[in-house]
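Engineer: Sharing a structure here in structure tokens format.
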Amino acid sequence: MKKGIKIILWILGAILFILLAAIIWFNLPYSPMKNQFEKLVDSQTEKMHFGDEVFTLEDIAELPVPVQKHFQYCGYIGQKKMSNMKIHFRDVDFILSPMENKLKIDYTQFNVADEPVRFAIIDTGIFGIPFEGLDTFIDGQGSMKGVIGKAITIFDEKGESLSRATLVTCLAESLLIPSFATNDFIVWEEIDDTNVKATISYHGISASGIFTFDENGAMKSFTTDDRENVDANGNVQKVRWSAIIEDYKEKDGIKYPTSMKAIWHYDSGDVVYFDGKDFEIEYDYK
């Protein structure tokens, strides 16, 4: 009887130890995924050359008039050209699918100016357990990895459709890092006074979308049919996707948007799955 009690106590002690170890591990600031994100960012930053190049009217002379107006509205002319961009989102309302509850996430992304290179990390918790997601696009290849408890990989996706989706996301964000928007791998076509089609081509993959501006030149939205949505059951379908940019504010002579929404336009109705407010944009300069 005493031996049985000792075994039970040993098992309970082992369980308690594992639970305590898990709680400590979950609350440590260190994370393998965050460390990987920072290493990817550092590897790109180390290759960059920094100088004093500034945007001129000649740089944008071949762009459609609405895009030229956007450069002037935001105050980029005469400002230094960017080498990269980092955006920090805090407490974003995020949902994985229309049938699921909202999560609060922190989201940090890094974009390179000279080529389509993009890294992003999601940080949140599910029932108190840390969940992190890492999206990457480099050398024309997109990937998306999700890890729970800082150690257990629950998905690791790659493939052409994901690469195209990430490439078109780079295009959607191109006017947030205007040095990127002037690269030759983007072709701009003016539709009318407030709408412009853009096509990005890189490593054999192409994707397009429509930018919409207001009469002053502020970019308001980007819409594309070149993204695929994967639902909770693993079903893949092409769904129209939009990014909505709002609430421009001026800082150091440049107007920045401070609100961004990402929307899936399902046949059954629109779903805002990413709603970020008061985000911060940081640049390193050429």
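Going by the structure tokens order, chains are called A, B, ..., each with residues numbered from 1, while ligands are numbered from 1 in the order shown.
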Please produce, as JSON lines, a per-residue contact table for region 221-253 of chain A versus region 187-206 of chain A (criterion: any atom at most 10 Å away, only C-alpha atoms considered), showing the nearest atom pair and its distance in Å to one decimal, sorted by chain then residue number.
Structural biologist:
```
{"residue": "A:Ser221", "atom": "CA", "partner": "A:Asn195", "partner_atom": "CA", "distance": 9.7}
{"residue": "A:Phe222", "atom": "CA", "partner": "A:Lys197", "partner_atom": "CA", "distance": 9.4}
{"residue": "A:Thr223", "atom": "CA", "partner": "A:Lys197", "partner_atom": "CA", "distance": 9.6}
{"residue": "A:Thr224", "atom": "CA", "partner": "A:Lys197", "partner_atom": "CA", "distance": 9.8}
{"residue": "A:Asp226", "atom": "CA", "partner": "A:Ser206", "partner_atom": "CA", "distance": 9.0}
```
Engineer: Looking only at alpha helix (DSSP H) from DSSP on the backbone, list the matching residues of region 34-186 of chain A as an MDAnalysis selection string.
Structural biologist: chainID A and resid 34:45 65:74 160:172 178:181
Engineer: Measuring atom to atom with only C-alpha atoms, identify which of A:Ile121, A:Ile281, A:Ala172, A:Ile210 is nearest to Ile245 (chain A).
Structural biologist: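 Nearest candidate to Ile245 (chain A) out of A:Ile121, A:Ile281, A:Ala172, A:Ile210: A:Ala172.
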Engineer: Interatomic distance between CA of Ser143 (chain A) and CA of Phe119 (chain A)?
Structural biologist: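 One can read the CA of Ser143 (chain A) to CA of Phe119 (chain A) distance as 9.7 Å.
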Engineer: I'd like to know which of A:Glu250, A:Glu62, A:Glu53, A:Asp106 is closest to Lys81 (chain A), using only C-alpha atoms.
Structural biologist: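 Once distances to Lys81 (chain A) are computed over only C-alpha atoms, the minimum belongs to A:Glu53.
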Engineer: Taking only C-alpha atoms into account, name the residue in A:Val239, A:Ala207, A:Ile148, A:Ile77 that is nearest to Phe131 (chain A).
Structural biologist: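 Smallest distance to Phe131 (chain A) is found for A:Ile148.
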Engineer: Using the chain letters and numbers from this document, which residues of region 49-239 of chain A does DSSP assign to strand (DSSP E), as a PDB file with C-alpha atoms, in the first residue's frame?
Structural biologist:
```pdb
ATOM      1  CA  MET A  82      14.674  53.636 -47.730  1.00  0.00           C
ATOM      2  CA  SER A  83      16.705  50.418 -47.666  1.00  0.00           C
ATOM      3  CA  ASN A  84      14.170  48.522 -45.583  1.00  0.00           C
ATOM      4  CA  MET A  85      11.025  48.887 -43.517  1.00  0.00           C
ATOM      5  CA  LYS A  86       9.882  47.393 -40.234  1.00  0.00           C
ATOM      6  CA  ILE A  87       6.263  47.726 -39.059  1.00  0.00           C
ATOM      7  CA  HIS A  88       5.138  46.968 -35.510  1.00  0.00           C
ATOM      8  CA  PHE A  89       1.474  46.144 -34.858  1.00  0.00           C
ATOM      9  CA  ARG A  90       0.207  45.701 -31.301  1.00  0.00           C
ATOM     10  CA  ASP A  91      -3.087  44.143 -30.096  1.00  0.00           C
ATOM     11  CA  VAL A  92      -4.385  43.442 -33.590  1.00  0.00           C
ATOM     12  CA  ASP A  93      -7.831  41.863 -33.923  1.00  0.00           C
ATOM     13  CA  PHE A  94      -7.160  38.694 -35.923  1.00  0.00           C
ATOM     14  CA  LEU A 103      -7.435  36.628 -31.267  1.00  0.00           C
ATOM     15  CA  LYS A 104      -5.298  39.513 -30.088  1.00  0.00           C
ATOM     16  CA  ILE A 105      -1.919  39.312 -31.765  1.00  0.00           C
ATOM     17  CA  ASP A 106       1.307  41.278 -31.987  1.00  0.00           C
ATOM     18  CA  TYR A 107       2.668  41.351 -35.518  1.00  0.00           C
ATOM     19  CA  THR A 108       6.046  42.568 -36.755  1.00  0.00           C
ATOM     20  CA  GLN A 109       7.126  42.583 -40.393  1.00  0.00           C
ATOM     21  CA  PHE A 110      10.301  43.453 -42.277  1.00  0.00           C
ATOM     22  CA  ASN A 111      10.452  44.389 -45.978  1.00  0.00           C
ATOM     23  CA  VAL A 112      13.509  44.956 -48.170  1.00  0.00           C
ATOM     24  CA  ARG A 118       9.617  39.924 -46.593  1.00  0.00           C
ATOM     25  CA  PHE A 119       9.581  38.383 -43.107  1.00  0.00           C
ATOM     26  CA  ALA A 120       6.751  38.582 -40.571  1.00  0.00           C
ATOM     27  CA  ILE A 121       6.203  37.105 -37.129  1.00  0.00           C
ATOM     28  CA  ILE A 122       2.926  36.651 -35.246  1.00  0.00           C
ATOM     29  CA  ASP A 123       2.945  36.439 -31.459  1.00  0.00           C
ATOM     30  CA  THR A 124      -0.171  35.434 -29.523  1.00  0.00           C
ATOM     31  CA  GLY A 125      -1.512  32.881 -27.070  1.00  0.00           C
ATOM     32  CA  ILE A 126      -4.170  30.161 -27.226  1.00  0.00           C
ATOM     33  CA  ILE A 129      -0.074  28.658 -24.437  1.00  0.00           C
ATOM     34  CA  PRO A 130       2.195  30.776 -26.677  1.00  0.00           C
ATOM     35  CA  PHE A 131       1.576  30.538 -30.416  1.00  0.00           C
ATOM     36  CA  GLU A 132       3.962  32.028 -32.956  1.00  0.00           C
ATOM     37  CA  GLY A 133       3.827  32.149 -36.720  1.00  0.00           C
ATOM     38  CA  LEU A 134       6.670  33.004 -39.084  1.00  0.00           C
ATOM     39  CA  ASP A 135       6.045  34.018 -42.711  1.00  0.00           C
ATOM     40  CA  THR A 136       9.005  34.384 -45.068  1.00  0.00           C
ATOM     41  CA  PHE A 137       9.529  35.302 -48.709  1.00  0.00           C
ATOM     42  CA  ILE A 138      13.076  35.139 -50.052  1.00  0.00           C
ATOM     43  CA  GLN A 141       9.943  31.221 -52.266  1.00  0.00           C
ATOM     44  CA  GLY A 142       7.229  31.758 -49.660  1.00  0.00           C
ATOM     45  CA  SER A 143       6.812  29.759 -46.464  1.00  0.00           C
ATOM     46  CA  MET A 144       4.525  29.852 -43.428  1.00  0.00           C
ATOM     47  CA  LYS A 145       5.317  28.064 -40.167  1.00  0.00           C
ATOM     48  CA  GLY A 146       3.296  27.859 -36.954  1.00  0.00           C
ATOM     49  CA  VAL A 147       4.688  26.783 -33.587  1.00  0.00           C
ATOM     50  CA  ILE A 148       2.811  26.289 -30.310  1.00  0.00           C
ATOM     51  CA  ILE A 152       5.843  22.136 -31.333  1.00  0.00           C
ATOM     52  CA  THR A 153       5.431  22.796 -35.062  1.00  0.00           C
ATOM     53  CA  ILE A 154       1.776  22.506 -36.043  1.00  0.00           C
ATOM     54  CA  PHE A 155       2.151  23.537 -39.683  1.00  0.00           C
ATOM     55  CA  ASP A 156       4.975  24.296 -42.125  1.00  0.00           C
ATOM     56  CA  GLU A 157       3.616  25.287 -45.528  1.00  0.00           C
ATOM     57  CA  LYS A 158       5.400  26.009 -48.819  1.00  0.00           C
ATOM     58  CA  ILE A 186       6.767  46.311 -60.857  1.00  0.00           C
ATOM     59  CA  VAL A 187       4.829  47.484 -63.918  1.00  0.00           C
ATOM     60  CA  TRP A 188       2.284  50.277 -63.361  1.00  0.00           C
ATOM     61  CA  GLU A 189      -0.756  50.920 -65.591  1.00  0.00           C
ATOM     62  CA  GLU A 190      -3.009  53.930 -65.061  1.00  0.00           C
ATOM     63  CA  ASN A 195      -7.109  53.762 -59.859  1.00  0.00           C
ATOM     64  CA  VAL A 196      -3.880  52.112 -60.988  1.00  0.00           C
ATOM     65  CA  LYS A 197      -3.123  48.505 -61.843  1.00  0.00           C
ATOM     66  CA  ALA A 198       0.251  47.130 -60.735  1.00  0.00           C
ATOM     67  CA  THR A 199       1.884  43.832 -61.686  1.00  0.00           C
ATOM     68  CA  ILE A 200       4.895  42.370 -59.894  1.00  0.00           C
ATOM     69  CA  SER A 201       7.036  39.652 -61.488  1.00  0.00           C
ATOM     70  CA  TYR A 202       9.835  37.832 -59.708  1.00  0.00           C
ATOM     71  CA  ILE A 205       5.870  34.285 -60.528  1.00  0.00           C
ATOM     72  CA  SER A 206       3.560  37.207 -61.318  1.00  0.00           C
ATOM     73  CA  ALA A 207       0.702  38.792 -59.401  1.00  0.00           C
ATOM     74  CA  SER A 208      -1.445  41.881 -59.941  1.00  0.00           C
ATOM     75  CA  GLY A 209      -3.787  44.178 -58.088  1.00  0.00           C
ATOM     76  CA  ILE A 210      -5.543  47.545 -58.168  1.00  0.00           C
ATOM     77  CA  PHE A 211      -4.459  50.503 -56.045  1.00  0.00           C
ATOM     78  CA  THR A 212      -7.130  53.105 -55.297  1.00  0.00           C
ATOM     79  CA  PHE A 213      -6.293  56.675 -54.248  1.00  0.00           C
ATOM     80  CA  MET A 219      -3.529  55.536 -51.160  1.00  0.00           C
ATOM     81  CA  LYS A 220      -6.734  54.079 -49.713  1.00  0.00           C
ATOM     82  CA  SER A 221      -6.835  50.433 -50.769  1.00  0.00           C
ATOM     83  CA  PHE A 222      -5.305  47.580 -52.719  1.00  0.00           C
ATOM     84  CA  THR A 223      -7.413  44.734 -54.149  1.00  0.00           C
ATOM     85  CA  THR A 224      -6.304  41.507 -55.839  1.00  0.00           C
ATOM     86  CA  GLU A 228      -5.822  31.810 -52.314  1.00  0.00           C
ATOM     87  CA  ASN A 229      -7.592  31.216 -49.002  1.00  0.00           C
ATOM     88  CA  VAL A 230      -7.278  27.994 -47.008  1.00  0.00           C
ATOM     89  CA  VAL A 236      -8.294  26.005 -50.995  1.00  0.00           C
ATOM     90  CA  GLN A 237     -10.166  28.605 -53.003  1.00  0.00           C
ATOM     91  CA  LYS A 238      -9.397  31.853 -54.758  1.00  0.00           C
TER      92      LYS A 238
END
```
Engineer: Between CA of Ala181 (chain A) and CA of Glu246 (chain A), what is the spacing in Å?
Structural biologist: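 Here the two named atoms are 19.2 Å from each other.
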Engineer: For CA of Phe279 (chain A) and CA of Ser259 (chain A), quote the distance in Å rounded to one decimal.
Structural biologist: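 Distance between the two atoms: 6.8 Å.
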Engineer: Quick one: everything within 6 Å of Ala262 (chain A), counting only C-alpha atoms, minus sequence neighbours fewer than 5 positions away in the same chain. Send it as a list of chain:residue names.
Structural biologist: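 Selected residues are A:Ser242, A:Ala243, A:Val272, A:Phe274.
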Engineer: With N, CA and C atoms retained, could you export that selection as a PDB file, in the first residue's frame?
Structural biologist:
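Written out: part-v6.pdb:
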```pdb
ATOM      1  N   SER A 242      -8.444  42.324 -50.060  1.00  0.00           N
ATOM      2  CA  SER A 242      -8.164  43.762 -50.045  1.00  0.00           C
ATOM      3  C   SER A 242      -7.389  44.153 -48.798  1.00  0.00           C
ATOM      4  N   ALA A 243      -6.547  45.159 -48.968  1.00  0.00           N
ATOM      5  CA  ALA A 243      -5.922  45.844 -47.837  1.00  0.00           C
ATOM      6  C   ALA A 243      -6.442  47.276 -47.840  1.00  0.00           C
ATOM      7  N   VAL A 272     -13.240  40.909 -42.184  1.00  0.00           N
ATOM      8  CA  VAL A 272     -12.027  41.623 -41.789  1.00  0.00           C
ATOM      9  C   VAL A 272     -11.269  40.703 -40.835  1.00  0.00           C
ATOM     10  N   PHE A 274      -7.845  40.922 -40.227  1.00  0.00           N
ATOM     11  CA  PHE A 274      -6.690  41.606 -39.621  1.00  0.00           C
ATOM     12  C   PHE A 274      -7.058  43.072 -39.500  1.00  0.00           C
TER      13      PHE A 274
END
```
